[in-house]
file coords32.pdb (PDB, C-alpha atoms)
ATOM      1  CA  MET F  25     120.425 218.387   0.989
ATOM      2  CA  LYS F  26     122.959 216.859   3.363
ATOM      3  CA  GLY F  27     123.634 214.102   0.830
ATOM      4  CA  ARG F  28     123.967 216.583  -2.050
ATOM      5  CA  ILE F  29     126.541 218.564  -0.095
ATOM      6  CA  LEU F  30     128.495 215.404   0.733
ATOM      7  CA  ARG F  31     128.457 214.228  -2.891
ATOM      8  CA  ASP F  32     129.730 217.532  -4.274
ATOM      9  CA  ALA F  33     132.245 217.932  -1.436
ATOM     10  CA  ARG F  34     133.759 214.567  -2.393
ATOM     11  CA  LYS F  35     134.447 215.833  -5.894
ATOM     12  CA  ILE F  36     135.890 219.173  -4.798
ATOM     13  CA  PHE F  37     138.062 217.795  -1.984
ATOM     14  CA  GLY F  38     139.205 215.127  -4.441
ATOM     15  CA  GLU F  39     140.230 217.752  -6.974
ATOM     16  CA  TYR F  40     141.786 220.382  -4.703
ATOM     17  CA  GLY F  41     142.593 218.586  -1.443
ATOM     18  CA  PHE F  42     141.721 219.767   2.048
ATOM     19  CA  HIS F  43     143.798 222.952   2.006
ATOM     20  CA  GLY F  44     142.874 223.915  -1.550
ATOM     21  CA  THR F  45     139.143 223.625  -0.915
ATOM     22  CA  THR F  46     136.992 226.297   0.695
ATOM     23  CA  THR F  47     133.485 225.982   2.065
ATOM     24  CA  ARG F  48     132.489 228.718  -0.393
ATOM     25  CA  MET F  49     133.613 226.532  -3.317
ATOM     26  CA  ILE F  50     131.480 223.673  -2.043
ATOM     27  CA  ALA F  51     128.460 225.885  -1.397
ATOM     28  CA  GLN F  52     128.698 227.366  -4.898
ATOM     29  CA  LYS F  53     128.916 223.898  -6.444
ATOM     30  CA  VAL F  54     125.817 222.752  -4.553
ATOM     31  CA  GLY F  55     124.009 226.049  -5.198
ATOM     32  CA  ILE F  56     123.445 227.014  -1.563
ATOM     33  CA  ASP F  57     124.688 229.710   0.784
ATOM     34  CA  ILE F  58     127.439 229.165   3.354
ATOM     35  CA  SER F  59     125.024 229.194   6.295
ATOM     36  CA  THR F  60     123.127 226.204   4.849
ATOM     37  CA  LEU F  61     126.366 224.269   4.460
ATOM     38  CA  TYR F  62     127.358 225.032   8.074
ATOM     39  CA  TYR F  63     123.883 224.088   9.292
ATOM     40  CA  HIS F  64     124.181 220.606   7.776
ATOM     41  CA  TRP F  65     127.889 219.866   8.239
ATOM     42  CA  GLY F  66     129.535 222.366  10.590
ATOM     43  CA  GLU F  67     133.145 223.343   9.919
ATOM     44  CA  LYS F  68     135.196 222.375   6.854
ATOM     45  CA  GLY F  69     137.143 219.797   8.855
ATOM     46  CA  ASP F  70     133.926 218.073   9.910
ATOM     47  CA  LEU F  71     132.741 217.855   6.301
ATOM     48  CA  TYR F  72     136.145 216.617   5.174
ATOM     49  CA  GLU F  73     136.112 213.802   7.719
ATOM     50  CA  ALA F  74     132.583 212.894   6.625
ATOM     51  CA  VAL F  75     133.849 212.733   3.026
ATOM     52  CA  VAL F  76     136.757 210.501   4.051
ATOM     53  CA  GLN F  77     134.409 208.243   6.027
ATOM     54  CA  ASP F  78     131.982 208.080   3.084
ATOM     55  CA  ILE F  79     134.778 207.170   0.693
ATOM     56  CA  PHE F  80     136.108 204.509   3.033
ATOM     57  CA  GLU F  81     132.658 202.926   3.418
ATOM     58  CA  ASP F  82     132.173 202.897  -0.363
ATOM     59  CA  LEU F  83     135.593 201.337  -0.828
ATOM     60  CA  ARG F  84     134.989 198.738   1.876
ATOM     61  CA  SER F  85     131.637 197.784   0.293
ATOM     62  CA  LYS F  86     133.298 197.384  -3.099
ATOM     63  CA  LEU F  87     136.017 195.170  -1.616
ATOM     64  CA  VAL F  88     133.389 192.982   0.074
ATOM     65  CA  GLU F  89     131.574 192.691  -3.261
ATOM     66  CA  ILE F  90     134.816 191.706  -5.002
ATOM     67  CA  GLU F  91     135.659 189.189  -2.297
ATOM     68  CA  HIS F  92     132.334 187.418  -2.877
ATOM     69  CA  ILE F  93     132.992 187.288  -6.627
ATOM     70  CA  ILE F  94     136.548 185.927  -6.407
ATOM     71  CA  HIS F  95     136.081 183.563  -3.446
ATOM     72  CA  GLY F  96     137.350 180.059  -4.171
ATOM     73  CA  LYS F  97     139.006 180.907  -7.483
ATOM     74  CA  PRO F  98     142.725 180.359  -8.200
ATOM     75  CA  LEU F  99     144.902 183.271  -7.060
ATOM     76  CA  ALA F 100     145.793 184.491 -10.564
ATOM     77  CA  ASP F 101     142.086 184.590 -11.471
ATOM     78  CA  ARG F 102     141.280 186.370  -8.206
ATOM     79  CA  LEU F 103     143.860 189.036  -8.932
ATOM     80  CA  THR F 104     142.770 189.495 -12.556
ATOM     81  CA  ILE F 105     139.104 189.923 -11.615
ATOM     82  CA  ALA F 106     139.836 192.118  -8.585
ATOM     83  CA  LEU F 107     142.150 194.436 -10.530
ATOM     84  CA  ASP F 108     139.642 194.757 -13.361
ATOM     85  CA  ILE F 109     136.701 195.607 -11.101
ATOM     86  CA  MET F 110     138.653 197.863  -8.747
ATOM     87  CA  THR F 111     140.344 199.779 -11.545
ATOM     88  CA  ASP F 112     136.988 200.460 -13.244
ATOM     89  CA  TYR F 113     135.497 201.527  -9.920
ATOM     90  CA  LEU F 114     138.335 203.940  -9.132
ATOM     91  CA  PHE F 115     138.314 205.455 -12.628
ATOM     92  CA  GLU F 116     134.598 206.139 -12.084
ATOM     93  CA  ASN F 117     135.353 207.655  -8.653
ATOM     94  CA  PRO F 118     138.787 209.309  -9.019
ATOM     95  CA  GLU F 119     138.309 211.378  -5.860
ATOM     96  CA  ILE F 120     139.028 208.194  -3.881
ATOM     97  CA  SER F 121     142.530 207.861  -5.316
ATOM     98  CA  ASN F 122     143.115 211.614  -5.248
ATOM     99  CA  LEU F 123     142.166 211.949  -1.581
ATOM    100  CA  THR F 124     144.206 208.890  -0.636
ATOM    101  CA  LEU F 125     147.314 210.388  -2.234
ATOM    102  CA  TYR F 126     146.596 213.846  -0.790
ATOM    103  CA  ARG F 127     146.668 212.252   2.667
ATOM    104  CA  TYR F 128     150.264 211.165   2.080
ATOM    105  CA  PHE F 129     151.559 214.635   1.359
ATOM    106  CA  THR F 130     149.409 217.030   3.364
ATOM    107  CA  LYS F 131     148.602 217.370   7.026
ATOM    108  CA  THR F 132     145.416 218.409   8.776
ATOM    109  CA  ARG F 133     145.076 219.290  12.438
ATOM    110  CA  HIS F 134     143.089 216.182  13.281
ATOM    111  CA  GLU F 135     143.501 212.429  12.859
ATOM    112  CA  SER F 136     141.630 211.021   9.903
ATOM    113  CA  VAL F 137     139.441 207.940  10.030
ATOM    114  CA  LEU F 138     141.691 206.592   7.251
ATOM    115  CA  GLU F 139     144.558 206.168   9.706
ATOM    116  CA  VAL F 140     142.285 203.975  11.814
ATOM    117  CA  LYS F 141     140.452 202.063   9.083
ATOM    118  CA  VAL F 142     143.064 201.452   6.372
ATOM    119  CA  PRO F 143     144.898 198.689   8.311
ATOM    120  CA  GLU F 144     141.579 196.807   8.561
ATOM    121  CA  THR F 145     141.084 197.086   4.798
ATOM    122  CA  MET F 146     144.650 195.999   4.126
ATOM    123  CA  GLY F 147     144.116 192.916   6.265
ATOM    124  CA  ASN F 148     141.015 191.963   4.293
ATOM    125  CA  ILE F 149     142.831 192.354   0.970
ATOM    126  CA  ALA F 150     145.866 190.405   2.178
ATOM    127  CA  TYR F 151     143.590 187.582   3.342
ATOM    128  CA  SER F 152     141.759 187.499   0.000
ATOM    129  CA  MET F 153     145.077 187.369  -1.845
ATOM    130  CA  GLY F 154     146.235 184.456   0.304
ATOM    131  CA  LEU F 155     149.133 186.370   1.862
ATOM    132  CA  VAL F 156     147.984 185.820   5.443
ATOM    133  CA  ASN F 157     145.772 183.359   7.285
ATOM    134  CA  ASP F 158     144.599 185.879   9.897
ATOM    135  CA  LYS F 159     143.135 189.235   8.803
ATOM    136  CA  LYS F 160     144.029 190.842  12.135
ATOM    137  CA  ALA F 161     147.646 189.675  12.314
ATOM    138  CA  LEU F 162     149.215 191.440   9.346
ATOM    139  CA  PRO F 163     153.037 191.334   9.270
ATOM    140  CA  VAL F 164     155.022 194.286   7.947
ATOM    141  CA  ASP F 165     156.008 192.544   4.691
ATOM    142  CA  ALA F 166     152.342 191.805   3.885
ATOM    143  CA  LYS F 167     151.422 195.420   4.638
ATOM    144  CA  MET F 168     154.114 196.620   2.234
ATOM    145  CA  LYS F 169     152.836 194.314  -0.503
ATOM    146  CA  MET F 170     149.328 195.722   0.011
ATOM    147  CA  LEU F 171     150.650 199.286  -0.136
ATOM    148  CA  ALA F 172     152.563 198.501  -3.334
ATOM    149  CA  MET F 173     149.402 197.195  -4.987
ATOM    150  CA  MET F 174     147.108 199.968  -3.747
ATOM    151  CA  ASN F 175     149.554 202.753  -4.558
ATOM    152  CA  SER F 176     150.160 201.409  -8.064
ATOM    153  CA  ILE F 177     146.448 201.637  -8.793
ATOM    154  CA  HIS F 178     145.970 205.039  -7.124
ATOM    155  CA  ASN F 179     148.932 206.555  -8.981
ATOM    156  CA  PHE F 180     147.593 205.511 -12.368
ATOM    157  CA  ILE F 181     144.115 206.826 -11.534
ATOM    158  CA  SER F 182     145.255 210.179 -10.149
ATOM    159  CA  GLY F 183     147.919 210.638 -12.809
ATOM    160  CA  GLU F 184     145.616 210.048 -15.775
ATOM    161  CA  GLY F 185     145.764 213.641 -17.032
ATOM    162  CA  PHE F 186     149.566 213.628 -17.070
ATOM    163  CA  PHE F 187     150.092 210.048 -18.259
ATOM    164  CA  LYS F 188     147.572 210.235 -21.115
ATOM    165  CA  VAL F 189     149.522 213.112 -22.667
ATOM    166  CA  LEU F 190     152.800 211.269 -22.131
ATOM    167  CA  LEU F 191     151.425 208.115 -23.773
ATOM    168  CA  ASP F 192     149.371 209.951 -26.415
ATOM    169  CA  VAL F 193     146.228 207.888 -25.768
ATOM    170  CA  ASP F 194     142.570 208.625 -25.048
ATOM    171  CA  HIS F 195     140.741 207.625 -21.870
ATOM    172  CA  GLU F 196     139.544 204.263 -23.159
ATOM    173  CA  ASP F 197     143.008 203.196 -24.296
ATOM    174  CA  TYR F 198     144.539 204.526 -21.084
ATOM    175  CA  VAL F 199     142.224 202.378 -18.932
ATOM    176  CA  ARG F 200     143.044 199.323 -21.029
ATOM    177  CA  VAL F 201     146.806 199.890 -20.782
ATOM    178  CA  VAL F 202     146.601 200.537 -17.031
ATOM    179  CA  LYS F 203     144.819 197.216 -16.494
ATOM    180  CA  GLU F 204     147.318 195.359 -18.659
ATOM    181  CA  THR F 205     150.265 196.958 -16.868
ATOM    182  CA  LEU F 206     148.893 196.302 -13.396
ATOM    183  CA  GLY F 207     148.292 192.673 -14.339
ATOM    184  CA  PHE F 208     151.771 192.359 -15.849
ATOM    185  CA  VAL F 209     153.426 193.674 -12.672
ATOM    186  CA  LEU F 210     151.197 192.499  -9.843
ATOM    187  CA  ILE F 211     149.869 189.077 -10.800
ATOM    188  CA  PRO F 212     153.265 187.340 -11.147
ATOM    189  CA  ALA F 213     154.558 189.126  -8.041
ATOM    190  CA  PHE F 214     151.664 188.001  -5.855
ATOM    191  CA  THR F 215     151.434 184.468  -7.199
ATOM    192  CA  GLN F 216     155.183 183.964  -6.713
ATOM    193  CA  ALA F 217     155.018 185.390  -3.188
ATOM    194  CA  THR F 218     152.210 183.005  -2.290
ATOM    195  CA  LYS F 219     154.066 180.021  -3.746
ATOM    196  CA  ALA F 220     157.178 180.972  -1.762
ATOM    197  CA  GLN F 221     155.107 181.270   1.405
ATOM    198  CA  ASP F 222     153.480 177.863   0.826
ATOM    199  CA  SER F 223     156.838 176.143   0.211
ATOM    200  CA  SER F 224     158.306 177.560   3.432
ATOM    201  CA  GLU F 225     155.451 176.274   5.598
TER
END
call {"tool": "encode", "arguments": {"input": "coords32.pdb", "output": "structure tokens"}}
result
Amino acid sequence: MKGRILRDARKIFGEYGFHGTTTRMIAQKVGIDISTLYYHWGEKGDLYEAVVQDIFEDLRSKLVEIEHIIHGKPLADRLTIALDIMTDYLFENPEISNLTLYRYFTKTRHESVLEVKVPETMGNIAYSMGLVNDKKALPVDAKMKMLAMMNSIHNFISGEGFFKVLLDVDHEDYVRVVKETLGFVLIPAFTQATKAQDSSE
């Protein structure tokens, strides 16, 4: 039951955000009464933080999986494979992108685990992309490059409903065009940045 509540809460928080979601909405989705939800998860803020933690752990696991797949390959190949896998994963789990973007524009009364954990994830990605040699010493310019990449993906995932109408495409074509566009923008940018870094050392 606790897992069912968490799974459905992910979807609802992802669709409506923290402030737009009520515990009653979640309980109705799961098919339980409010008292059962409170018994398993406490207040809305507690459940929200559990959702954020769950999403972060899923995302971290996916990044570890990708890192194993791309390890040792040329940078352009690493980026192509990583973008393909991550884009598919986020389209299958759009609440991840939605909740990430909601965090930028809304405030809650408590610090989120994302504020603590995201820098760690950014360091791992930057290391995999060859932007830094030390995962724990991430300079500001590398952080900005990571944010540019992550936000590009999240924006396309969360904006699918709007962008599909604008482009007059179906879901399958939209996913294909997103991948092509991300590759067109990000792969040359990252490979050139790495070459510039190597030549300056």
call {"tool": "residues_around", "arguments": {"input": "coords32.pdb", "residues": "region 58-60 of chain F", "least_positions_apart": "5", "cutoff": "12 Å", "atoms": "only C-alpha atoms", "output": "ChimeraX atom specification"}}
result
/F:25-26,28-29,46-53,65-68
call {"tool": "resolve_selection", "arguments": {"input": "coords32.pdb", "expression": "the PyMOL selection byres ((chain F and resi 97-109) around 7)", "output": "compact mmCIF listing (two decimals) with C-alpha atoms, in the coordinates of the input"}}
result
# COMPACT_ATOMS: atom_id res chain seq x y z
CA ILE F 90 134.82 191.71 -5.00
CA ILE F 94 136.55 185.93 -6.41
CA HIS F 95 136.08 183.56 -3.45
CA GLY F 96 137.35 180.06 -4.17
CA MET F 110 138.65 197.86 -8.75
CA THR F 111 140.34 199.78 -11.54
CA ASP F 112 136.99 200.46 -13.24
CA TYR F 113 135.50 201.53 -9.92
CA MET F 153 145.08 187.37 -1.84
CA LYS F 203 144.82 197.22 -16.49
CA GLY F 207 148.29 192.67 -14.34
CA ILE F 211 149.87 189.08 -10.80
CA THR F 215 151.43 184.47 -7.20
call {"tool": "resolve_selection", "arguments": {"input": "coords32.pdb", "expression": "the PyMOL selection byres ((chain F and resi 164-176) around 8)", "output": "list in words"}}
result
Met146, Gly147, Ile149, Ala150, Leu155, Val156, Leu162, Pro163, Ile177, His178, Asn179, Phe180, Leu206 and Leu210 of chain F
call {"tool": "write_last_selection", "arguments": {"input": "coords32.pdb", "atoms": "C-alpha atoms", "output": "JSON list (two decimals), in the coordinates of the input"}}
result
[["chain", "number", "residue", "atom", "x", "y", "z"],
["F", 146, "MET", "CA", 144.65, 196.00, 4.13],
["F", 147, "GLY", "CA", 144.12, 192.92, 6.26],
["F", 149, "ILE", "CA", 142.83, 192.35, 0.97],
["F", 150, "ALA", "CA", 145.87, 190.40, 2.18],
["F", 155, "LEU", "CA", 149.13, 186.37, 1.86],
["F", 156, "VAL", "CA", 147.98, 185.82, 5.44],
["F", 162, "LEU", "CA", 149.22, 191.44, 9.35],
["F", 163, "PRO", "CA", 153.04, 191.33, 9.27],
["F", 177, "ILE", "CA", 146.45, 201.64, -8.79],
["F", 178, "HIS", "CA", 145.97, 205.04, -7.12],
["F", 179, "ASN", "CA", 148.93, 206.56, -8.98],
["F", 180, "PHE", "CA", 147.59, 205.51, -12.37],
["F", 206, "LEU", "CA", 148.89, 196.30, -13.40],
["F", 210, "LEU", "CA", 151.20, 192.50, -9.84]]
call {"tool": "closest_residue", "arguments": {"input": "coords32.pdb", "among": "F:Leu71, F:Val76, F:Leu87, F:Val209", "to": "Glu119 (chain F)", "atoms": "all atoms listed in the file"}}
result
F:Val76
call {"tool": "closest_residue", "arguments": {"input": "coords32.pdb", "among": "F:Gln216, F:Tyr151, F:Phe186, F:Phe37", "to": "Glu73 (chain F)", "atoms": "all atoms listed in the file"}}
result
F:Phe37
call {"tool": "closest_residue", "arguments": {"input": "coords32.pdb", "among": "F:Val75, F:Tyr62, F:Gly44, F:Asp57", "to": "Leu30 (chain F)", "atoms": "all atoms listed in the file"}}
result
F:Val75
call {"tool": "closest_residue", "arguments": {"input": "coords32.pdb", "among": "F:Ala213, F:Phe42, F:Asp158, F:Ile56", "to": "Gly69 (chain F)", "atoms": "only C-alpha atoms"}}
result
F:Phe42
call {"tool": "residues_near_point", "arguments": {"input": "coords32.pdb", "point": "(130.9, 205.5, 4.3)", "cutoff": "12 Å", "atoms": "only C-alpha atoms", "output": "PyMOL selection string"}}
result
chain F and resi 27+30-31+34+73-86+120+137-138+141
call {"tool": "decode", "arguments": {"input": "coords32.pdb", "residues": "region 69-91 of chain F", "atoms": "N, CA, C and O atoms", "output": "PDB file, in the first residue's frame"}}
result
ATOM      1  N   GLY F  69       3.657  17.286   2.920  1.00  0.00           N
ATOM      2  CA  GLY F  69       5.067  17.613   2.729  1.00  0.00           C
ATOM      3  C   GLY F  69       5.973  16.412   2.896  1.00  0.00           C
ATOM      4  O   GLY F  69       6.981  16.280   2.192  1.00  0.00           O
ATOM      5  N   ASP F  70       5.627  15.520   3.814  1.00  0.00           N
ATOM      6  CA  ASP F  70       6.426  14.303   4.008  1.00  0.00           C
ATOM      7  C   ASP F  70       6.340  13.401   2.780  1.00  0.00           C
ATOM      8  O   ASP F  70       7.346  12.831   2.338  1.00  0.00           O
ATOM      9  N   LEU F  71       5.127  13.263   2.236  1.00  0.00           N
ATOM     10  CA  LEU F  71       4.946  12.435   1.043  1.00  0.00           C
ATOM     11  C   LEU F  71       5.657  13.057  -0.160  1.00  0.00           C
ATOM     12  O   LEU F  71       6.279  12.355  -0.959  1.00  0.00           O
ATOM     13  N   TYR F  72       5.577  14.370  -0.256  1.00  0.00           N
ATOM     14  CA  TYR F  72       6.248  15.061  -1.364  1.00  0.00           C
ATOM     15  C   TYR F  72       7.753  14.826  -1.318  1.00  0.00           C
ATOM     16  O   TYR F  72       8.381  14.525  -2.348  1.00  0.00           O
ATOM     17  N   GLU F  73       8.343  14.948  -0.148  1.00  0.00           N
ATOM     18  CA  GLU F  73       9.786  14.718  -0.035  1.00  0.00           C
ATOM     19  C   GLU F  73      10.147  13.265  -0.337  1.00  0.00           C
ATOM     20  O   GLU F  73      11.202  12.991  -0.902  1.00  0.00           O
ATOM     21  N   ALA F  74       9.266  12.342   0.032  1.00  0.00           N
ATOM     22  CA  ALA F  74       9.491  10.935  -0.312  1.00  0.00           C
ATOM     23  C   ALA F  74       9.444  10.738  -1.825  1.00  0.00           C
ATOM     24  O   ALA F  74      10.231   9.966  -2.391  1.00  0.00           O
ATOM     25  N   VAL F  75       8.530  11.437  -2.484  1.00  0.00           N
ATOM     26  CA  VAL F  75       8.430  11.386  -3.952  1.00  0.00           C
ATOM     27  C   VAL F  75       9.708  11.927  -4.580  1.00  0.00           C
ATOM     28  O   VAL F  75      10.289  11.322  -5.493  1.00  0.00           O
ATOM     29  N   VAL F  76      10.172  13.070  -4.091  1.00  0.00           N
ATOM     30  CA  VAL F  76      11.393  13.677  -4.629  1.00  0.00           C
ATOM     31  C   VAL F  76      12.583  12.748  -4.426  1.00  0.00           C
ATOM     32  O   VAL F  76      13.405  12.547  -5.333  1.00  0.00           O
ATOM     33  N   GLN F  77      12.680  12.153  -3.242  1.00  0.00           N
ATOM     34  CA  GLN F  77      13.764  11.208  -2.956  1.00  0.00           C
ATOM     35  C   GLN F  77      13.682   9.993  -3.884  1.00  0.00           C
ATOM     36  O   GLN F  77      14.695   9.521  -4.417  1.00  0.00           O
ATOM     37  N   ASP F  78      12.475   9.479  -4.088  1.00  0.00           N
ATOM     38  CA  ASP F  78      12.267   8.317  -4.950  1.00  0.00           C
ATOM     39  C   ASP F  78      12.674   8.634  -6.384  1.00  0.00           C
ATOM     40  O   ASP F  78      13.340   7.826  -7.050  1.00  0.00           O
ATOM     41  N   ILE F  79      12.300   9.803  -6.853  1.00  0.00           N
ATOM     42  CA  ILE F  79      12.653  10.224  -8.202  1.00  0.00           C
ATOM     43  C   ILE F  79      14.158  10.383  -8.340  1.00  0.00           C
ATOM     44  O   ILE F  79      14.759   9.948  -9.328  1.00  0.00           O
ATOM     45  N   PHE F  80      14.777  10.988  -7.334  1.00  0.00           N
ATOM     46  CA  PHE F  80      16.229  11.164  -7.396  1.00  0.00           C
ATOM     47  C   PHE F  80      16.938   9.819  -7.446  1.00  0.00           C
ATOM     48  O   PHE F  80      17.882   9.630  -8.219  1.00  0.00           O
ATOM     49  N   GLU F  81      16.503   8.858  -6.627  1.00  0.00           N
ATOM     50  CA  GLU F  81      17.147   7.547  -6.602  1.00  0.00           C
ATOM     51  C   GLU F  81      16.971   6.830  -7.942  1.00  0.00           C
ATOM     52  O   GLU F  81      17.894   6.181  -8.432  1.00  0.00           O
ATOM     53  N   ASP F  82      15.785   6.949  -8.538  1.00  0.00           N
ATOM     54  CA  ASP F  82      15.562   6.357  -9.858  1.00  0.00           C
ATOM     55  C   ASP F  82      16.484   6.997 -10.894  1.00  0.00           C
ATOM     56  O   ASP F  82      17.083   6.303 -11.725  1.00  0.00           O
ATOM     57  N   LEU F  83      16.585   8.315 -10.840  1.00  0.00           N
ATOM     58  CA  LEU F  83      17.423   9.034 -11.786  1.00  0.00           C
ATOM     59  C   LEU F  83      18.892   8.677 -11.599  1.00  0.00           C
ATOM     60  O   LEU F  83      19.626   8.448 -12.576  1.00  0.00           O
ATOM     61  N   ARG F  84      19.322   8.611 -10.362  1.00  0.00           N
ATOM     62  CA  ARG F  84      20.722   8.245 -10.077  1.00  0.00           C
ATOM     63  C   ARG F  84      21.029   6.844 -10.597  1.00  0.00           C
ATOM     64  O   ARG F  84      22.076   6.609 -11.206  1.00  0.00           O
ATOM     65  N   SER F  85      20.114   5.899 -10.380  1.00  0.00           N
ATOM     66  CA  SER F  85      20.305   4.522 -10.859  1.00  0.00           C
ATOM     67  C   SER F  85      20.412   4.484 -12.378  1.00  0.00           C
ATOM     68  O   SER F  85      21.231   3.749 -12.942  1.00  0.00           O
ATOM     69  N   LYS F  86      19.569   5.276 -13.047  1.00  0.00           N
ATOM     70  CA  LYS F  86      19.616   5.316 -14.508  1.00  0.00           C
ATOM     71  C   LYS F  86      20.939   5.893 -14.999  1.00  0.00           C
ATOM     72  O   LYS F  86      21.532   5.396 -15.967  1.00  0.00           O
ATOM     73  N   LEU F  87      21.437   6.925 -14.320  1.00  0.00           N
ATOM     74  CA  LEU F  87      22.711   7.523 -14.715  1.00  0.00           C
ATOM     75  C   LEU F  87      23.872   6.549 -14.505  1.00  0.00           C
ATOM     76  O   LEU F  87      24.798   6.495 -15.327  1.00  0.00           O
ATOM     77  N   VAL F  88      23.823   5.775 -13.431  1.00  0.00           N
ATOM     78  CA  VAL F  88      24.852   4.757 -13.193  1.00  0.00           C
ATOM     79  C   VAL F  88      24.815   3.708 -14.306  1.00  0.00           C
ATOM     80  O   VAL F  88      25.854   3.280 -14.826  1.00  0.00           O
ATOM     81  N   GLU F  89      23.603   3.302 -14.668  1.00  0.00           N
ATOM     82  CA  GLU F  89      23.428   2.328 -15.758  1.00  0.00           C
ATOM     83  C   GLU F  89      24.010   2.872 -17.059  1.00  0.00           C
ATOM     84  O   GLU F  89      24.732   2.166 -17.781  1.00  0.00           O
ATOM     85  N   ILE F  90      23.717   4.143 -17.354  1.00  0.00           N
ATOM     86  CA  ILE F  90      24.227   4.757 -18.582  1.00  0.00           C
ATOM     87  C   ILE F  90      25.746   4.855 -18.545  1.00  0.00           C
ATOM     88  O   ILE F  90      26.427   4.595 -19.543  1.00  0.00           O
ATOM     89  N   GLU F  91      26.275   5.209 -17.381  1.00  0.00           N
ATOM     90  CA  GLU F  91      27.728   5.352 -17.259  1.00  0.00           C
ATOM     91  C   GLU F  91      28.441   4.038 -17.563  1.00  0.00           C
ATOM     92  O   GLU F  91      29.488   4.025 -18.206  1.00  0.00           O
TER      93      GLU F  91
END
